[in-house]
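Trainee: Quick one, final20.cif (mmCIF, C-alpha atoms and all ligand atoms):
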```
data_structure
#
loop_
_atom_site.label_atom_id
_atom_site.label_comp_id
_atom_site.auth_asym_id
_atom_site.auth_seq_id
_atom_site.Cartn_x
_atom_site.Cartn_y
_atom_site.Cartn_z
CA MET A 1 92.24 85.10 10.53
CA LEU A 2 94.17 82.91 12.92
CA ARG A 3 92.24 80.46 15.08
CA LEU A 4 93.46 77.87 17.56
CA LYS A 5 91.00 75.19 18.65
CA HIS A 6 91.65 72.90 21.62
CA VAL A 7 95.39 73.01 21.11
CA PHE A 8 97.46 70.83 23.44
CA LYS A 9 101.21 70.28 23.48
CA GLU A 10 103.11 67.69 25.44
CA TYR A 11 106.83 67.14 25.73
CA ASN A 12 107.88 63.80 27.28
CA ASN A 13 104.40 63.29 28.77
CA GLN A 14 104.55 66.76 30.32
CA SER A 15 101.71 69.06 29.42
CA VAL A 16 103.10 72.40 28.18
CA LEU A 17 99.99 73.80 26.46
CA LYS A 18 96.58 72.89 27.84
CA ASP A 19 93.53 73.42 25.67
CA ILE A 20 94.32 76.74 23.99
CA ASN A 21 91.36 78.33 22.23
CA ILE A 22 91.89 81.72 20.63
CA THR A 23 90.76 83.62 17.60
CA LEU A 24 92.93 86.50 16.46
CA PRO A 25 92.16 89.22 13.93
CA ASN A 26 93.90 90.01 10.62
CA LYS A 27 95.51 93.19 11.89
CA GLY A 28 96.85 94.62 15.10
CA LEU A 29 99.52 94.03 17.68
CA ILE A 30 98.84 91.18 20.09
CA SER A 31 101.19 90.62 23.02
CA ILE A 32 101.61 87.31 24.78
CA VAL A 33 102.85 87.84 28.32
CA GLY A 34 103.55 85.45 31.20
CA VAL A 35 106.37 84.16 33.36
CA SER A 36 109.22 82.15 31.89
CA GLY A 37 108.17 78.58 31.17
CA SER A 38 104.47 79.40 30.85
CA GLY A 39 104.47 78.18 27.23
CA LYS A 40 104.70 81.44 25.24
CA SER A 41 107.43 80.34 22.83
CA THR A 42 105.83 76.93 22.42
CA LEU A 43 102.57 78.62 21.42
CA LEU A 44 104.38 80.88 18.95
CA ASN A 45 106.26 77.92 17.46
CA LEU A 46 103.02 76.01 16.94
CA ILE A 47 101.42 79.01 15.22
CA GLY A 48 104.55 79.33 13.08
CA GLY A 49 104.51 75.64 12.15
CA ILE A 50 107.99 75.16 13.63
CA ASP A 51 106.43 72.53 15.85
CA LYS A 52 103.18 70.54 15.70
CA PRO A 53 100.54 70.36 18.45
CA SER A 54 99.95 67.03 20.19
CA LYS A 55 96.21 67.62 19.76
CA GLY A 56 93.99 70.33 18.28
CA SER A 57 93.79 72.51 15.18
CA ILE A 58 95.40 75.73 14.01
CA PHE A 59 93.48 77.52 11.28
CA ILE A 60 95.08 80.18 9.09
CA ASN A 61 92.45 81.62 6.78
CA ASN A 62 90.23 78.62 7.53
CA VAL A 63 92.87 76.05 6.55
CA ASP A 64 93.94 73.68 9.32
CA VAL A 65 97.73 73.90 8.94
CA THR A 66 98.28 70.96 11.31
CA LYS A 67 96.82 68.69 8.63
CA LEU A 68 99.11 69.92 5.82
CA ASN A 69 101.92 67.87 4.38
CA ASN A 70 105.43 69.35 4.46
CA LYS A 71 105.25 70.85 0.97
CA ASP A 72 101.97 72.67 1.60
CA LEU A 73 103.14 73.74 5.06
CA ASN A 74 106.22 75.34 3.47
CA TRP A 75 104.02 77.20 1.05
CA TYR A 76 101.93 78.50 3.97
CA HIS A 77 105.06 79.46 5.86
CA ASN A 78 106.34 81.48 2.94
CA LYS A 79 103.09 83.17 2.15
CA TYR A 80 101.79 83.93 5.62
CA LEU A 81 104.52 83.92 8.22
CA GLY A 82 107.52 85.99 9.21
CA PHE A 83 109.68 85.42 12.29
CA ILE A 84 111.71 87.69 14.56
CA PHE A 85 113.75 86.33 17.45
CA GLN A 86 115.44 87.81 20.52
CA SER A 87 118.84 86.64 19.24
CA TYR A 88 118.27 88.08 15.70
CA ASN A 89 119.35 84.80 13.99
CA LEU A 90 121.36 86.66 11.34
CA ILE A 91 124.58 85.42 9.75
CA ASP A 92 127.24 87.50 11.50
CA TYR A 93 130.00 87.33 8.91
CA LEU A 94 127.75 88.41 6.02
CA SER A 95 126.81 92.01 5.21
CA VAL A 96 123.28 93.29 5.83
CA LYS A 97 122.41 93.10 2.15
CA ASP A 98 123.86 89.58 1.80
CA ASN A 99 121.77 88.42 4.76
CA LEU A 100 118.64 89.82 3.12
CA SER A 101 119.40 88.63 -0.40
CA LEU A 102 119.24 85.07 0.96
CA ILE A 103 115.47 85.69 0.92
CA ASN A 104 115.22 87.84 -2.22
CA ASN A 105 116.63 91.02 -3.73
CA ASN A 106 113.81 93.42 -2.90
CA TYR A 107 115.43 94.75 0.23
CA GLU A 108 116.20 98.36 -0.74
CA LEU A 109 112.79 99.84 -0.03
CA ILE A 110 112.47 97.92 3.25
CA LEU A 111 115.90 99.07 4.42
CA LYS A 112 114.95 102.66 3.64
CA LYS A 113 111.64 102.25 5.48
CA LEU A 114 113.46 100.94 8.55
CA ASN A 115 116.12 103.68 8.37
CA ILE A 116 119.05 101.31 7.90
CA TYR A 117 119.74 101.71 4.18
CA ASN A 118 123.13 103.27 5.04
CA LEU A 119 124.10 100.02 6.80
CA LYS A 120 123.48 97.75 3.82
CA ASP A 121 127.18 96.99 3.15
CA LYS A 122 128.19 96.61 6.78
CA LYS A 123 128.88 93.21 8.24
CA VAL A 124 126.27 92.16 10.80
CA ASN A 125 128.85 91.56 13.56
CA LEU A 126 129.73 95.28 13.45
CA LEU A 127 126.15 96.42 14.16
CA SER A 128 124.58 97.40 17.49
CA GLY A 129 121.77 95.27 18.98
CA GLY A 130 119.09 97.71 17.82
CA GLU A 131 120.51 97.79 14.29
CA LYS A 132 120.68 93.99 14.17
CA GLN A 133 117.05 93.74 15.24
CA ARG A 134 116.05 96.22 12.50
CA VAL A 135 117.84 94.00 9.97
CA ALA A 136 116.05 90.96 11.43
CA ILE A 137 112.72 92.77 11.08
CA ALA A 138 113.63 93.69 7.50
CA ARG A 139 114.31 90.02 6.80
CA GLY A 140 111.08 89.03 8.60
CA ILE A 141 108.93 91.24 6.37
CA MET A 142 110.73 90.73 3.04
CA LYS A 143 107.95 88.48 1.80
CA ASN A 144 105.29 90.76 3.19
CA PRO A 145 103.86 88.11 5.53
CA LYS A 146 100.30 88.36 6.85
CA ILE A 147 101.41 87.26 10.30
CA LEU A 148 104.64 88.39 11.96
CA LEU A 149 105.69 86.28 14.93
CA CYS A 150 108.16 87.90 17.32
CA ASP A 151 109.68 85.99 20.25
CA GLU A 152 111.05 88.50 22.80
CA PRO A 153 112.16 90.92 20.05
CA THR A 154 113.30 93.49 22.63
CA GLY A 155 114.68 90.98 25.15
CA ALA A 156 118.32 91.86 24.46
CA LEU A 157 117.87 95.60 23.93
CA ASP A 158 118.04 98.66 26.19
CA SER A 159 114.81 100.49 26.88
CA SER A 160 115.09 103.31 24.34
CA THR A 161 116.06 100.89 21.54
CA SER A 162 113.17 98.64 22.65
CA VAL A 163 110.80 101.57 22.16
CA ASP A 164 112.19 102.13 18.62
CA ILE A 165 111.64 98.47 17.75
CA MET A 166 108.12 98.44 19.24
CA ASN A 167 107.27 101.56 17.20
CA ILE A 168 108.33 99.72 14.04
CA LEU A 169 106.27 96.64 14.99
CA LYS A 170 103.29 98.86 15.80
CA GLU A 171 103.55 100.50 12.38
CA LEU A 172 103.75 97.06 10.72
CA SER A 173 100.66 95.92 12.65
CA LYS A 174 98.51 98.44 10.77
CA ASP A 175 98.19 96.05 7.86
CA ARG A 176 99.06 92.66 9.31
CA LEU A 177 98.83 90.64 12.51
CA VAL A 178 101.91 91.07 14.70
CA ILE A 179 102.21 88.69 17.66
CA VAL A 180 104.85 89.69 20.20
CA VAL A 181 105.97 87.47 23.06
CA THR A 182 107.38 89.71 25.76
CA HIS A 183 108.36 89.86 29.43
CA ASP A 184 107.97 93.62 29.45
CA MET A 185 104.50 94.44 30.77
CA SER A 186 104.91 98.19 30.33
CA LEU A 187 105.77 97.81 26.62
CA ALA A 188 102.91 95.35 26.24
CA HIS A 189 100.43 97.79 27.77
CA ARG A 190 101.77 100.70 25.77
CA TYR A 191 101.74 99.10 22.34
CA SER A 192 99.27 96.21 22.28
CA ASP A 193 95.76 96.22 20.95
CA TYR A 194 95.25 93.02 22.87
CA ILE A 195 97.19 91.18 25.57
CA LEU A 196 97.03 87.44 26.15
CA HIS A 197 98.15 86.42 29.64
CA MET A 198 99.64 82.94 29.76
CA GLN A 199 100.09 80.91 32.92
CA ASP A 200 101.05 77.29 33.23
CA GLY A 201 100.21 76.43 29.62
CA LYS A 202 96.84 78.16 29.63
CA ILE A 203 95.54 81.53 28.52
CA LEU A 204 94.10 83.18 31.62
CA ASN A 205 91.65 85.52 29.93
CA GLU A 206 90.49 83.09 27.30
CA LEU A 207 86.82 83.69 28.15
CA ASN A 208 87.12 87.43 27.79
CA ILE A 209 88.69 87.04 24.40
CA LYS A 210 85.82 84.90 23.22
CA ASP A 211 83.26 87.32 24.66
CA ASN A 212 84.96 90.36 23.20
CA TYR A 213 85.35 88.78 19.81
CA LYS A 214 81.72 87.71 19.51
CA ASN A 215 80.57 91.06 18.14
CA ILE A 216 83.74 92.15 16.44
CA ASP A 217 84.54 92.20 12.74
CA ILE A 218 87.99 90.98 11.92
CA GLY A 219 89.15 94.44 10.90
CA LYS A 220 87.78 96.19 13.94
CA SER A 221 89.03 93.87 16.63
CA CYS A 222 92.08 95.95 17.24
CA LYS A 223 89.99 98.67 18.81
CA ILE A 224 89.88 96.71 22.04
CA LYS A 225 92.08 98.65 24.42
CA SER A 226 94.63 96.99 26.58
CA HIS A 227 93.56 98.78 29.77
CA LYS A 228 90.19 97.05 29.40
CA LEU A 229 92.05 93.79 29.37
CA ALA A 230 94.05 94.72 32.41
CA ASN A 231 90.76 95.30 34.25
CA ASN A 232 89.40 91.98 33.02
CA HIS A 233 92.54 90.33 34.24
CA LEU A 234 92.20 91.94 37.69
CA ASN A 235 88.56 90.85 37.87
CA ASN A 236 89.60 87.33 37.00
CA LYS A 237 91.93 87.42 39.98
CA LYS A 238 89.35 88.95 42.33
CA LYS A 239 88.21 85.57 43.65
CA ARG A 240 91.77 84.50 44.29
CA ASN A 241 92.61 87.75 46.09
CA ILE A 242 89.54 87.44 48.35
CA LEU A 243 90.49 83.84 49.20
CA ILE A 244 94.05 84.90 50.00
CA SER A 245 92.74 87.69 52.31
CA ILE A 246 90.42 85.28 54.15
CA SER A 247 93.20 82.72 54.70
CA PHE A 248 95.51 85.47 55.91
CA ALA A 249 92.87 86.67 58.41
CA ILE A 250 92.29 83.10 59.67
CA GLY A 251 96.04 82.72 60.11
CA LEU A 252 96.30 85.93 62.15
CA ILE A 253 93.32 85.04 64.38
CA SER A 254 94.73 81.55 65.07
CA LEU A 255 98.11 83.02 65.97
CA GLY A 256 96.42 85.46 68.39
CA LEU A 257 94.44 82.63 69.99
CA VAL A 258 97.52 80.46 70.49
CA LEU A 259 99.43 83.38 72.04
CA SER A 260 96.65 84.30 74.47
CA ILE A 261 96.10 80.66 75.51
CA ASN A 262 99.84 80.43 76.12
CA GLN A 263 99.80 83.61 78.28
CA GLY A 264 96.80 82.39 80.36
CA PHE A 265 98.44 79.01 80.86
CA LYS A 266 101.63 80.63 82.18
CA LYS A 267 99.65 82.78 84.64
CA ALA A 268 97.68 79.77 85.89
CA ILE A 269 100.92 77.85 86.54
CA ASP A 270 102.38 80.83 88.50
CA ILE A 271 99.29 81.05 90.71
CA GLU A 272 99.28 77.29 91.22
CA GLU A 273 102.98 77.35 92.18
CA LYS A 274 102.50 80.18 94.66
CA ASN A 275 99.46 78.57 96.26
CA SER A 276 101.05 75.19 96.69
CA LEU A 277 104.53 76.33 97.81
CA SER A 278 103.38 79.02 100.23
CA LYS A 279 101.77 76.30 102.39
CA TYR A 280 105.18 74.99 103.34
CA PRO A 281 107.35 76.68 106.01
CA ILE A 282 110.92 77.62 105.14
CA ILE A 283 113.23 75.26 107.01
CA ILE A 284 116.76 76.28 107.91
CA ASN A 285 118.89 73.35 109.02
CA LYS A 286 121.46 73.72 111.72
CA ASP A 287 124.29 72.73 109.49
CA SER A 288 127.06 75.06 108.41
CA ASN A 289 129.85 74.96 105.96
CA ASN A 290 132.67 77.45 105.66
CA ILE A 291 134.93 76.96 102.66
CA GLU A 292 137.78 79.04 104.13
CA ASP A 293 137.77 76.91 107.30
CA SER A 294 137.65 73.66 105.36
CA LEU A 295 140.58 74.80 103.20
CA ARG A 296 142.57 75.43 106.36
CA ASN A 297 141.47 72.00 107.63
CA LYS A 298 139.55 73.62 110.44
CA GLU A 299 136.33 72.16 111.81
CA THR A 300 133.25 74.21 111.00
CA ASP A 301 131.43 75.32 114.10
CA ASN A 302 127.81 74.30 113.64
CA ASN A 303 126.72 76.75 116.35
CA LYS A 304 128.04 79.72 114.49
CA VAL A 305 126.22 81.64 111.76
CA TYR A 306 128.54 82.61 108.93
CA SER A 307 127.77 85.56 106.68
CA ASN A 308 127.71 84.96 102.94
CA ASP A 309 128.08 87.79 100.42
CA ASN A 310 126.23 85.92 97.66
CA ASN A 311 122.93 85.83 99.43
CA HIS A 312 120.17 83.95 97.76
CA ILE A 313 117.01 86.04 97.52
CA ASN A 314 113.84 84.06 97.89
CA ILE A 315 111.04 85.63 95.90
CA ILE A 316 108.28 83.45 97.30
CA THR A 317 106.43 85.58 99.88
P1 LIG A 401 108.26 80.46 27.73
O1 LIG A 401 108.54 80.85 26.32
O2 LIG A 401 106.95 80.95 28.25
O3 LIG A 401 109.37 80.81 28.66
P2 LIG A 401 108.42 77.76 26.69
O4 LIG A 401 107.27 77.68 25.74
O5 LIG A 401 109.76 77.96 26.09
O6 LIG A 401 108.12 78.87 27.79
O7 LIG A 401 108.47 76.44 27.56
C1 LIG A 401 107.36 75.94 28.27
C2 LIG A 401 107.72 74.63 28.91
O8 LIG A 401 107.93 73.66 27.90
C3 LIG A 401 109.00 74.67 29.71
O9 LIG A 401 108.81 73.91 30.88
C4 LIG A 401 110.02 74.04 28.80
O10 LIG A 401 111.01 73.40 29.55
C5 LIG A 401 109.20 73.05 28.02
N1 LIG A 401 109.72 72.85 26.65
C6 LIG A 401 109.75 73.78 25.67
N2 LIG A 401 110.28 73.27 24.54
C7 LIG A 401 110.62 71.98 24.82
C8 LIG A 401 111.22 70.90 24.08
N3 LIG A 401 111.58 71.05 22.80
N4 LIG A 401 111.39 69.72 24.72
C9 LIG A 401 111.01 69.55 26.01
N5 LIG A 401 110.44 70.51 26.77
C10 LIG A 401 110.25 71.71 26.19
MG MG A 402 110.23 81.82 25.47
#
```
Translate the structure described by the file into structure tokens.
Ligand code: ADP
Ligand code: MG

Mentor:
Amino acid sequence: MLRLKHVFKEYNNQSVLKDINITLPNKGLISIVGVSGSGKSTLLNLIGGIDKPSKGSIFINNVDVTKLNNKDLNWYHNKYLGFIFQSYNLIDYLSVKDNLSLINNNYELILKKLNIYNLKDKKVNLLSGGEKQRVAIARGIMKNPKILLCDEPTGALDSSTSVDIMNILKELSKDRLVIVVTHDMSLAHRYSDYILHMQDGKILNELNIKDNYKNIDIGKSCKIKSHKLANNHLNNKKKRNILISISFAIGLISLGLVLSINQGFKKAIDIEEKNSLSKYPIIINKDSNNIEDSLRNKETDNNKVYSNDNNHINIIT
């Protein structure tokens, strides 16, 4: 069993993981989802002992691995953990079998199981992405680890190859714990026994996990269905959604109020203008100006009324 208790991680005084508390079963496929930067890889690296938490404990089979010295930690690594990465981390210029024999020589059966035995003499740089990831999985499970940690294993693959890889991981999760960090919600929902949603260094449905795990034996925990979790997740967000709706409604009402006050104000000014201006008579001065006459240096006759084509229309009645 894998258990994280009050795990914190800081990088340069910046909090990346904030009080992570989870207990995971011995078998099953657990997905960790969340936006980029939410701390998924950091969490996986801490579980894998690649990095140490700033605070808190990580128990694997009731041993706090954060307290182990390097030698014991290596032993734990070898016995319990396997890794799979998005970028495969294979040695390109070596053949498949040479990559695997860096771990040990028991690769034949695994290659057959993963349907890539025919590729064993091929150099890695000649393989497709899906084939490379199969080789990486083969390497990850060579020592038959109890926990397989996969960071975006389908991140560089097309969707049908991703499905192939997820099927393999699902099969492997029947007798070990497989933790998959992924961006792909649809794959997570389709394949996971349990989904952990991470946001801003925290696990959103931490409480549900605890509640659900209270009455669950380690072996049975994988029966929890992911759609249940999706519902839990939606319920968790209910409060937030209601608050968003209320603020939106307040915004709309305020906008309406401002607009109607503005309209009323305009009308009041119009009425005021009409009332005050209509009191005054229209005065026409006996003073004329004719541009044509002035151009010809002729005196304008003030007793004459000249017509003007561009008449001004006065709208004040
Ligand atoms: P995710 O895998 O969810 O995309 P990460 O766990 O990789 O997120 O990163 C979470 C945050 O921690 C990011 O803001 C990242 O910049 C920061 N971070 C991760 N590793 C390091 C590191 N070695 N040094 C400093 N900051 C890091
Ligand atoms: Mg990551």

Trainee: Using all atoms listed in the file, find each residue of chain A with at least one atom at most 7 Å away from an atom of ligand LIG 401 (chain A); report its shortest atom-to-atom pair and that distance in Å (one decimal), sort the rows by chain and rising residue number, and return the result as JSON lines.

Mentor:
```
{"residue": "A:Tyr11", "atom": "CA", "partner": "A:LIG401", "partner_atom": "C9", "distance": 4.8}
{"residue": "A:Asn12", "atom": "CA", "partner": "A:LIG401", "partner_atom": "C9", "distance": 6.7}
{"residue": "A:Val16", "atom": "CA", "partner": "A:LIG401", "partner_atom": "O8", "distance": 5.0}
{"residue": "A:Gly34", "atom": "CA", "partner": "A:LIG401", "partner_atom": "O2", "distance": 6.4}
{"residue": "A:Val35", "atom": "CA", "partner": "A:LIG401", "partner_atom": "O2", "distance": 6.1}
{"residue": "A:Ser36", "atom": "CA", "partner": "A:LIG401", "partner_atom": "O3", "distance": 3.5}
{"residue": "A:Gly37", "atom": "CA", "partner": "A:LIG401", "partner_atom": "O6", "distance": 3.4}
{"residue": "A:Ser38", "atom": "CA", "partner": "A:LIG401", "partner_atom": "O2", "distance": 3.9}
{"residue": "A:Gly39", "atom": "CA", "partner": "A:LIG401", "partner_atom": "O4", "distance": 3.2}
{"residue": "A:Lys40", "atom": "CA", "partner": "A:LIG401", "partner_atom": "O2", "distance": 3.8}
{"residue": "A:Ser41", "atom": "CA", "partner": "A:LIG401", "partner_atom": "O1", "distance": 3.7}
{"residue": "A:Thr42", "atom": "CA", "partner": "A:LIG401", "partner_atom": "O4", "distance": 3.7}
{"residue": "A:Leu43", "atom": "CA", "partner": "A:LIG401", "partner_atom": "O4", "distance": 6.5}
```

Trainee: Using the selection just defined, write its residues with C-alpha atoms as a PDB file, in the frame of the given file.

Mentor:
```
ATOM      1  CA  TYR A  11     106.830  67.140  25.730  1.00  0.00           C
ATOM      2  CA  ASN A  12     107.880  63.800  27.280  1.00  0.00           C
ATOM      3  CA  VAL A  16     103.100  72.400  28.180  1.00  0.00           C
ATOM      4  CA  GLY A  34     103.550  85.450  31.200  1.00  0.00           C
ATOM      5  CA  VAL A  35     106.370  84.160  33.360  1.00  0.00           C
ATOM      6  CA  SER A  36     109.220  82.150  31.890  1.00  0.00           C
ATOM      7  CA  GLY A  37     108.170  78.580  31.170  1.00  0.00           C
ATOM      8  CA  SER A  38     104.470  79.400  30.850  1.00  0.00           C
ATOM      9  CA  GLY A  39     104.470  78.180  27.230  1.00  0.00           C
ATOM     10  CA  LYS A  40     104.700  81.440  25.240  1.00  0.00           C
ATOM     11  CA  SER A  41     107.430  80.340  22.830  1.00  0.00           C
ATOM     12  CA  THR A  42     105.830  76.930  22.420  1.00  0.00           C
ATOM     13  CA  LEU A  43     102.570  78.620  21.420  1.00  0.00           C
TER      14      LEU A  43
END
```

Trainee: Just give me the gap between atom CA of Gly155 of chain A and atom CA of Val33 of chain A in Å, one decimal is fine.

Mentor: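 Separating atom CA of Gly155 of chain A from atom CA of Val33 of chain A is a distance of 12.6 Å.
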
Trainee: Can you measure atom CA of Lys27 of chain A to atom CA of Leu111 of chain A for me? One decimal in Å is fine.

Mentor: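 According to the coordinates, atom CA of Lys27 of chain A and atom CA of Leu111 of chain A are separated by 22.5 Å.
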
Trainee: For Ile20 of chain A, which of A:Lys71, A:Arg139, A:His197, A:Lys274 is the closest residue, counting all atoms listed in the file?

Mentor: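 Once distances to Ile20 of chain A are computed over all atoms listed in the file, the minimum belongs to A:His197.
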
Trainee: Give me, as JSON, numbers by chain, all polymer residues having an atom no more than 9 Å from Ile203 of chain A, counting only C-alpha atoms and skipping those fewer than 5 positions away in the same chain.

Mentor: {"A": [18, 19, 20, 21, 22, 196, 197, 198]}

Trainee: What gap, in Å, lies between atom CA of Lys202 of chain A and atom CA of His6 of chain A?

Mentor: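 Interatomic distance here is 10.9 Å.
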